[in-house]
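Undergrad: Have a look at this one.
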Amino acid sequence: MKKFSTHDTLFQRTRALFLIGLLALLTACSTIRFSYNHGDTLLYWWLDAYVDFEGDQSDGVKQDIKELFQWHRKTQLQDYAALLAKYQRQLAANPTQADLLNAYKEIRTRTETLAYHAVPDMVDLARSLTPEQIKQIEERFEKKNREYRSKFVSGSVEKRNEARYDKSMEQLKLWFGSFSREQEAALRRASDARPLDNNIWLEERILRQRKILALVRKIQAEKPSKEQTTAMINGLIREFFTRMDAPERKAFYDSYTNATVNYILTAIRIATPEQKAHAQKRMQGWIDDFNALAKEAK
């Protein structure tokens with residue numbers, strides 16, 4: 001098998017796109033450069049937990065991950081550095097709601113670029129999955145859904161709000177450092193003001209998973225050509241990315257996005273000069289890492 005691909009797009013829990021998970025993993029670390037240089041191994045382990053690769057599949061998947069990282073390093077990282085530099089300037093001038101909404105769109109556009117670049121590899125992987133591996137993916141989905149349901153859906157409103165707040169604070173502290181008790185109280189109020197719609201997120205998550213499973217089962221059963229499989233996977237990716245504009249969900253997604261932006265704006269507005277300096281330093285470290293990684297590819 002020439003290529004066997006690794007595409008999280010078939011298995012990602014958030015948008016069924018492993019690329020989003022990868023970026024989330026990298027930006028959650030204090031040094032992107034270290035994480036990126038080990039990202040191919042981490043991503044392989046993550047995918048293998050879903051699929052349980054067999055025989056030659058393992059080598060094919062590792063090679064595809066390697067090639068994806070090489071492409072990404074050569075073509076995308078300098079753009080990421082420039083984008084972060086723009087956000088640095090906006091932070092210094094106090095960004096508006098429009099600035100943050102535009103930043104969301106910019107990041108989404110780059111995620112789409114990554115996803116569509118990965119399609120040829122996804123095609124090879126999808127055409128090579130066995131019924132047993134598809135069952136493994138389904139069981140992994142179910143396990144993760146149980147964990148999500150236990151942490152974010154079941155229990156009292158207070159418990160669910162607290163879990164969501166704690167998760168978001170991990171990211172805010174990464175950016176701004178520690179917060180005072182007064183700041184944490186203000187952020188908790190802003191966090192709790194967001195719609196508590198974890199049950200809808202779970203519904204959307206399960207819907208994506210079912211569509212992924214239906215697609216790979218259809219491919220496994222009908223054995224379509226590469227061209228046909230490419231069209232099918234492109235269609236699924238397009239459906240996932242346009243889901244936010246679907247009539248039955250647009251109001252929900254718009255409400256959630258606006259509430260999240262307002263929550264982040266609250267953090268920025270109450271941040272002290274020292275905390276903003278911490279965020280600027282953190283962003284500069286990521287900019288330096290992205291530029292250094294891009295140079296290593298040349």
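Chain identifiers are assigned as A, B, and so on, following the order in which chains appear in the structure tokens; residues are numbered from 1 within each chain, and ligands are numbered from 1 in order of appearance.
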Once DSSP has gone over the backbone, tell me which residues of region 37-279 of chain A are in alpha helix (DSSP H), as number ranges by chain.
TA: A: 37, 39-51, 56-75, 77-92, 97-117, 119-128, 131-148, 157-176, 181-192, 198-222, 226-242, 250-270, 273-279
Undergrad: Out of A:Arg208, A:Tyr87, A:Trp46, A:Gln133, which residue has the shortest atom-to-atom distance to Asp99 (chain A) when counting only C-alpha atoms?
TA: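 Of A:Arg208, A:Tyr87, A:Trp46, A:Gln133, the one nearest Asp99 (chain A) is A:Tyr87, counting only C-alpha atoms.
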Undergrad: Residues at most 9 Å from region 66-75 of chain A, counting only C-alpha atoms, excluding those fewer than 3 positions away in the same chain, as a list in words?
TA: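 Listed by chain and then number, they are Tyr36, Gly39, Asp40, Val61, Lys62, Gln63, Gln78, Asp79, Leu114, His117, Ala118, Phe290, Leu293, Ala294, Lys295, Glu296, Ala297 and Lys298 of chain A.
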Undergrad: Considering only C-alpha atoms, can you say which of A:Ala267, A:Lys250, A:Ala163, A:Ala292 comes closest to Phe176 (chain A)?
TA: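 Ranked by minimum distance to Phe176 (chain A), first place goes to A:Ala267.
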Undergrad: Check the smallest atom-to-atom distance from each of A:Asp197, A:Tyr148, A:Arg243, A:Leu83 to Tyr104 (chain A) using only C-alpha atoms, then report the winner.
TA: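 The closest residue to Tyr104 (chain A) is A:Leu83.
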Undergrad: Counting only C-alpha atoms, which of A:Phe141, A:Arg160, A:Thr266, A:Lys226 gets nearest to Arg189 (chain A)?
TA: A:Thr266
Undergrad: Would you mind telling me which residue in A:Val119, A:Asn199, A:Ala193, A:Gly177 lies nearest to Phe152 (chain A) when using only C-alpha atoms?
TA: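 Between A:Val119, A:Asn199, A:Ala193, A:Gly177, the residue approaching Phe152 (chain A) most closely is A:Asn199.
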Undergrad: Could you list, as a list in words, every residue within 8 Å of region 88-96 of chain A, counting only C-alpha atoms and ignoring same-chain residues fewer than 3 positions away?
TA: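 In the requested format, the answer is Leu84, Ala85, Asp99, Leu100, Leu265, Ile268, Arg269, Lys276, Gln280 and Met283 of chain A.
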Undergrad: I need the chosen residues saved as a CSV table (one decimal), in the first residue's frame, with N, CA, C and O atoms.
TA:
```csv
chain,number,residue,atom,x,y,z
A,84,LEU,N,0.0,35.5,14.7
A,84,LEU,CA,0.2,35.7,16.2
A,84,LEU,C,0.7,37.1,16.4
A,84,LEU,O,0.4,37.8,17.4
A,85,ALA,N,1.6,37.6,15.5
A,85,ALA,CA,2.1,39.0,15.6
A,85,ALA,C,1.0,40.0,15.5
A,85,ALA,O,1.0,41.0,16.2
A,99,ASP,N,-12.7,42.1,16.4
A,99,ASP,CA,-11.3,41.6,16.2
A,99,ASP,C,-11.3,40.1,16.6
A,99,ASP,O,-10.7,39.3,15.9
A,100,LEU,N,-11.9,39.7,17.7
A,100,LEU,CA,-11.9,38.3,18.1
A,100,LEU,C,-12.7,37.4,17.2
A,100,LEU,O,-12.3,36.3,16.9
A,265,LEU,N,-13.1,38.6,26.2
A,265,LEU,CA,-12.9,40.0,26.3
A,265,LEU,C,-12.9,40.4,27.8
A,265,LEU,O,-12.2,41.3,28.2
A,268,ILE,N,-9.5,39.9,29.1
A,268,ILE,CA,-8.5,40.9,28.5
A,268,ILE,C,-8.8,42.2,29.3
A,268,ILE,O,-7.8,42.9,29.7
A,269,ARG,N,-10.0,42.6,29.5
A,269,ARG,CA,-10.3,43.9,30.1
A,269,ARG,C,-9.9,44.0,31.6
A,269,ARG,O,-9.6,45.0,32.0
A,276,LYS,N,-0.9,41.2,30.9
A,276,LYS,CA,-0.9,41.4,29.5
A,276,LYS,C,0.5,41.2,29.0
A,276,LYS,O,0.8,40.7,27.9
A,280,GLN,N,1.9,38.7,26.1
A,280,GLN,CA,2.7,39.1,25.0
A,280,GLN,C,4.0,38.3,24.9
A,280,GLN,O,4.4,37.9,23.8
A,283,MET,N,3.1,34.8,23.6
A,283,MET,CA,2.9,34.8,22.2
A,283,MET,C,4.2,35.0,21.4
A,283,MET,O,4.4,34.3,20.4
```
Undergrad: Which residue, A:Arg108, A:Arg210, A:Lys218, A:Lys144, has the smallest gap to Leu129 (chain A) when you use only C-alpha atoms?
TA: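 Result for the nearest residue to Leu129 (chain A): A:Lys218.
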